[in-house]
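Student: Have a look at this one before I ask anything.
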Amino acid sequence: SFAESIRHEMLANKDIFIVRLSAKDETPVLENGLLKDIYLDWSNETAVKGSVTRINKCLSNKKTVLAQSREAISGDTKEVYTSDSLNCIITVLIDHFEWRFDDPLIFKQKLKVIQTFINRKDIRLIISSQLHPEKILEYYRGIEEKPSVSSDEETSKDLNYAQSLKNYIEFKQLMDNIIINYIPTRFDYSWEDEDRACLRSKEKMSFPGLIQSELGASDYLAQFKKAVDNYYETYCVGREIDSPEELIVTRINSLADSYYEDLFNACSDQEKYVLFDLADDLIMNQKNTNAIFGLLKKGLIIKKCDKINLMNISFRRFVMNKYSKEEASALELKIGKEAGTWQGYKFTLILIILGLFVFIAMANQDFLDDLNQLFIVIGGGVAVITSVLGLLSRKNTESS
């Protein structure tokens, strides 16, 4: 699970950058779910400015407490403990890193704090952001070129430009040397949970089971359970409805549309293409290894009963509505994706078949007469099969 992976990285004393898939998902999984010594909320400037002081004070206090406890144990031996022998490590959780990232001076202060404490043996940084680092880099890349300004504004504009350019370089270096993780749709999700479900007897899913399956795919979606239960009891129970499942899924889509939009936008172009490919026919190209594992880590696709599927039906519906076949083809061109295996071989096979026909026709003139008879038989057979299928279809319609 993601929680276990983070704990392993913490045990290895790694600095970690964690990105939320959606800004709407404010579940306090990090604040309450991870052991930490300091929680810094960087959504206000005062907290940013006081970060260095708070971190140093916390580290000093912890070393003092640890030294006192060891001195009490050593007794009269007067053993001296250095900071290294104390093995004192504090964990600092920094939340809302993305706040005011577009203000060069505030962003400079944040980078300075991180640069002060990153890669320290006695300090472990966990930085949380609601905005992917690439979006921040994209913003600063957009102002790489020095703007033309009037003489009155030249000084302040020059300072902002210089600081923005410096922020871009320093932040890019930081992101190249830190582990970046996405908070998945379910913080404590484990593949073993899905595999256990496969051991149960296969039976048609009940409507409460459908609701649980749909909303259980995400910690954020769980908050809609009461609303969807009320909708089911009000509009589905006791009524003759052709497809109550469709009503439930449509209702969930309406509640989670903007959330699903965030999840989709948090994906790379390759990941978006894999999502559409899987949503379209539940088949995907296994060669897209990086995108597949990225989506598995995010929880947008899941392994269940030795199969890969989207996290729930309503998200699959969203992806299918998001992209038409034409838009998927445009995305395919954008990512420079090569045509599929069949598309690559189809033209070659057609040329080979045509070449064989020409060769046989030139070698044996009687072959053309036999070929005409073969086309007549095939055409007649197709007409008979079509008529029979049409008759059966009409009978099924009349009986229903």
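By convention here, the chains of the structure tokens are called A, B, ... in the order presented, each chain's residues are numbered starting at 1, and ligands are numbered starting at 1 in the order presented.
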From a backbone DSSP assignment, name each residue in range 224-315 of chain A labelled strand (DSSP E), as a list in words.
Tutor: Ile301, Ile302, Lys303, Lys304, Lys307, Ile308, Asn309 and Leu310 of chain A
Student: Would you list the contacts of range 314-328 of chain A as a compact mmCIF listing (two decimals) with N, CA, C and O atoms, in the first residue's frame, taking every protein, DNA or RNA residue within 12 Å and counting only C-alpha atoms, but skipping same-chain residues closer than 5 positions in sequence?
Tutor:
```txt
# COMPACT_ATOMS: atom_id res chain seq x y z
N THR A 185 -5.87 7.18 -4.83
CA THR A 185 -7.26 7.41 -4.47
C THR A 185 -7.61 6.78 -3.13
O THR A 185 -8.48 7.26 -2.42
N LEU A 210 -23.08 -2.59 -5.14
CA LEU A 210 -22.63 -1.74 -6.25
C LEU A 210 -22.22 -0.36 -5.73
O LEU A 210 -21.18 0.17 -6.12
N ILE A 211 -23.03 0.21 -4.86
CA ILE A 211 -22.72 1.52 -4.29
C ILE A 211 -21.42 1.47 -3.51
O ILE A 211 -20.56 2.35 -3.63
N SER A 213 -18.97 -0.66 -3.89
CA SER A 213 -17.86 -0.88 -4.82
C SER A 213 -17.47 0.42 -5.52
O SER A 213 -16.28 0.71 -5.69
N GLU A 214 -18.46 1.20 -5.93
CA GLU A 214 -18.18 2.45 -6.63
C GLU A 214 -17.52 3.48 -5.72
O GLU A 214 -16.52 4.09 -6.09
N LEU A 215 -18.08 3.67 -4.53
CA LEU A 215 -17.59 4.71 -3.64
C LEU A 215 -16.38 4.25 -2.83
O LEU A 215 -15.60 5.08 -2.34
N GLY A 216 -16.18 2.94 -2.72
CA GLY A 216 -15.03 2.42 -1.99
C GLY A 216 -13.75 2.50 -2.79
O GLY A 216 -12.67 2.18 -2.27
N ALA A 217 -13.84 2.93 -4.04
CA ALA A 217 -12.64 3.04 -4.88
C ALA A 217 -11.78 4.23 -4.52
O ALA A 217 -10.65 4.35 -4.98
N SER A 218 -12.30 5.14 -3.69
CA SER A 218 -11.57 6.36 -3.36
C SER A 218 -11.96 6.83 -1.97
O SER A 218 -13.12 6.77 -1.57
N LEU A 221 -14.45 9.69 -2.47
CA LEU A 221 -15.80 9.32 -2.87
C LEU A 221 -16.63 8.79 -1.70
O LEU A 221 -17.86 8.84 -1.75
N GLU A 245 -29.13 0.23 -12.18
CA GLU A 245 -27.67 0.37 -12.08
C GLU A 245 -27.19 1.62 -12.81
O GLU A 245 -26.30 2.34 -12.34
N GLU A 246 -27.81 1.88 -13.98
CA GLU A 246 -27.45 3.06 -14.76
C GLU A 246 -27.76 4.34 -13.99
O GLU A 246 -26.99 5.30 -14.03
N LEU A 247 -28.90 4.36 -13.30
CA LEU A 247 -29.25 5.54 -12.52
C LEU A 247 -28.23 5.81 -11.42
O LEU A 247 -27.83 6.95 -11.20
N ILE A 248 -27.81 4.74 -10.74
CA ILE A 248 -26.86 4.89 -9.64
C ILE A 248 -25.52 5.40 -10.17
O ILE A 248 -24.92 6.34 -9.62
N VAL A 249 -25.03 4.78 -11.24
CA VAL A 249 -23.74 5.18 -11.81
C VAL A 249 -23.80 6.62 -12.32
O VAL A 249 -22.86 7.41 -12.12
N THR A 250 -24.91 6.97 -12.96
CA THR A 250 -25.07 8.34 -13.48
C THR A 250 -25.09 9.35 -12.34
O THR A 250 -24.51 10.44 -12.44
N ARG A 251 -25.74 8.97 -11.24
CA ARG A 251 -25.79 9.86 -10.07
C ARG A 251 -24.39 10.08 -9.49
O ARG A 251 -24.01 11.21 -9.16
N ILE A 252 -23.62 9.02 -9.40
CA ILE A 252 -22.26 9.13 -8.88
C ILE A 252 -21.41 10.00 -9.82
O ILE A 252 -20.61 10.83 -9.37
N ASN A 253 -21.60 9.83 -11.12
CA ASN A 253 -20.88 10.66 -12.09
C ASN A 253 -21.18 12.14 -11.91
O ASN A 253 -20.29 13.00 -12.01
N SER A 254 -22.44 12.46 -11.63
CA SER A 254 -22.81 13.87 -11.46
C SER A 254 -22.19 14.46 -10.19
O SER A 254 -21.82 15.63 -10.15
N LEU A 255 -22.07 13.64 -9.13
CA LEU A 255 -21.48 14.11 -7.88
C LEU A 255 -19.96 14.23 -7.98
O LEU A 255 -19.36 15.11 -7.35
N ALA A 256 -19.34 13.35 -8.75
CA ALA A 256 -17.88 13.26 -8.75
C ALA A 256 -17.25 13.79 -10.03
O ALA A 256 -16.04 13.59 -10.25
N ASP A 257 -18.00 14.46 -10.87
CA ASP A 257 -17.50 14.87 -12.18
C ASP A 257 -16.24 15.73 -12.07
O ASP A 257 -15.23 15.47 -12.73
N SER A 258 -16.26 16.75 -11.24
CA SER A 258 -15.09 17.64 -11.12
C SER A 258 -13.92 16.91 -10.48
O SER A 258 -12.75 17.18 -10.81
N TYR A 259 -14.20 15.97 -9.57
CA TYR A 259 -13.13 15.17 -8.96
C TYR A 259 -12.48 14.27 -9.99
O TYR A 259 -11.25 14.18 -10.07
N TYR A 260 -13.30 13.61 -10.81
CA TYR A 260 -12.76 12.76 -11.88
C TYR A 260 -11.96 13.59 -12.88
O TYR A 260 -10.96 13.13 -13.44
N GLU A 261 -12.39 14.83 -13.09
CA GLU A 261 -11.65 15.73 -13.99
C GLU A 261 -10.24 15.98 -13.44
O GLU A 261 -9.26 15.97 -14.19
N ASP A 262 -10.15 16.19 -12.12
CA ASP A 262 -8.84 16.39 -11.49
C ASP A 262 -7.97 15.14 -11.63
O ASP A 262 -6.77 15.24 -11.92
N LEU A 263 -8.56 13.98 -11.39
CA LEU A 263 -7.81 12.73 -11.49
C LEU A 263 -7.26 12.55 -12.90
O LEU A 263 -6.10 12.16 -13.09
N PHE A 264 -8.09 12.84 -13.89
CA PHE A 264 -7.68 12.68 -15.28
C PHE A 264 -6.57 13.66 -15.65
O PHE A 264 -5.60 13.30 -16.32
N ASN A 265 -6.70 14.90 -15.17
CA ASN A 265 -5.71 15.93 -15.49
C ASN A 265 -4.38 15.70 -14.76
O ASN A 265 -3.37 16.29 -15.14
N ASP A 269 0.20 12.38 -20.67
CA ASP A 269 -0.49 12.06 -21.92
C ASP A 269 -0.49 10.55 -22.17
O ASP A 269 -1.49 9.99 -22.64
N GLN A 270 0.62 9.88 -21.86
CA GLN A 270 0.68 8.43 -22.03
C GLN A 270 -0.33 7.72 -21.13
O GLN A 270 -1.00 6.77 -21.55
N GLU A 271 -0.45 8.20 -19.89
CA GLU A 271 -1.40 7.60 -18.95
C GLU A 271 -2.84 7.84 -19.39
O GLU A 271 -3.70 6.96 -19.28
N LYS A 272 -3.11 9.04 -19.93
CA LYS A 272 -4.45 9.32 -20.44
C LYS A 272 -4.81 8.39 -21.58
O LYS A 272 -5.95 7.89 -21.66
N TYR A 273 -3.85 8.13 -22.44
CA TYR A 273 -4.11 7.24 -23.57
C TYR A 273 -4.39 5.82 -23.08
O TYR A 273 -5.29 5.15 -23.58
N VAL A 274 -3.63 5.34 -22.10
CA VAL A 274 -3.86 3.99 -21.55
C VAL A 274 -5.24 3.91 -20.90
O VAL A 274 -5.94 2.91 -21.05
N LEU A 275 -5.64 4.96 -20.20
CA LEU A 275 -6.97 4.98 -19.58
C LEU A 275 -8.06 4.85 -20.64
O LEU A 275 -9.01 4.06 -20.48
N PHE A 276 -7.94 5.63 -21.71
CA PHE A 276 -8.95 5.56 -22.76
C PHE A 276 -8.92 4.19 -23.43
O PHE A 276 -9.97 3.61 -23.71
N ASP A 277 -7.75 3.68 -23.69
CA ASP A 277 -7.60 2.39 -24.35
C ASP A 277 -8.27 1.29 -23.53
O ASP A 277 -8.98 0.43 -24.06
N LEU A 278 -8.07 1.34 -22.20
CA LEU A 278 -8.67 0.34 -21.32
C LEU A 278 -10.17 0.55 -21.17
O LEU A 278 -10.95 -0.41 -21.17
N ALA A 279 -10.61 1.80 -21.07
CA ALA A 279 -12.04 2.09 -20.91
C ALA A 279 -12.82 1.70 -22.16
O ALA A 279 -13.98 1.27 -22.07
N ASP A 280 -12.20 1.82 -23.32
CA ASP A 280 -12.90 1.56 -24.58
C ASP A 280 -13.32 0.10 -24.73
O ASP A 280 -14.47 -0.19 -25.05
N ASP A 281 -12.39 -0.83 -24.48
CA ASP A 281 -12.72 -2.25 -24.70
C ASP A 281 -12.15 -3.17 -23.62
O ASP A 281 -12.12 -4.39 -23.79
N LEU A 282 -11.72 -2.58 -22.49
CA LEU A 282 -11.14 -3.34 -21.37
C LEU A 282 -9.89 -4.12 -21.80
O LEU A 282 -9.56 -5.15 -21.20
N GLY A 299 -3.85 4.49 -8.23
CA GLY A 299 -5.12 3.85 -7.89
C GLY A 299 -6.19 4.04 -8.94
O GLY A 299 -7.35 3.69 -8.71
N LEU A 300 -5.84 4.60 -10.10
CA LEU A 300 -6.84 4.83 -11.15
C LEU A 300 -7.15 3.55 -11.92
O LEU A 300 -8.22 3.43 -12.53
N ILE A 301 -6.21 2.62 -11.94
CA ILE A 301 -6.51 1.27 -12.40
C ILE A 301 -6.11 0.32 -11.27
O ILE A 301 -5.22 0.63 -10.47
N ASN A 309 -8.29 -3.43 -14.34
CA ASN A 309 -9.49 -2.69 -14.71
C ASN A 309 -9.43 -1.28 -14.14
O ASN A 309 -8.58 -0.99 -13.29
N LEU A 333 -1.18 10.75 -31.64
CA LEU A 333 -0.20 11.46 -32.45
C LEU A 333 0.64 12.41 -31.59
O LEU A 333 1.84 12.57 -31.81
N LYS A 334 0.00 13.03 -30.61
CA LYS A 334 0.69 13.99 -29.75
C LYS A 334 1.82 13.34 -28.97
O LYS A 334 2.89 13.93 -28.81
N ILE A 335 1.57 12.14 -28.46
CA ILE A 335 2.60 11.47 -27.66
C ILE A 335 3.58 10.69 -28.53
O ILE A 335 4.47 10.02 -28.02
N LYS A 337 3.00 8.15 -30.39
CA LYS A 337 2.81 6.70 -30.25
C LYS A 337 2.76 6.05 -31.62
O LYS A 337 2.08 6.53 -32.51
```
Student: Applying 12 Å and only C-alpha atoms, which residues near range 115-125 of chain A remain after dropping the ones on its own chain fewer than 2 positions away? List them as a PyMOL selection string.
Tutor: chain A and resi 6-7+9-18+35-40+51-53+55-56+58-60+62-63+83-95+108-113+127-128+167+170-171+173-175+177-179
Student: Would you please work out which residue, of A:Lys307, A:Lys226, A:His132, A:Arg100, is nearest to Ile180 in chain A when using only C-alpha atoms?
Tutor: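 Closest to Ile180 in chain A, using only C-alpha atoms: A:His132.
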Student: So, with only C-alpha atoms as the atoms that count, which of A:Gly355, A:Arg20, A:Phe207, A:Asp219 lies closest to Phe187 in chain A?
Tutor: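 Of the candidates, the smallest distance to Phe187 in chain A is held by A:Asp219.
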Student: So what do you get for CA of Tyr231 in chain A versus CA of Leu310 in chain A, distance-wise?
Tutor: 24.2 Å
Student: Mind giving me the straight-line distance from CA of Leu296 in chain A to CA of Met311 in chain A in Å, one decimal?
Tutor: 9.4 Å
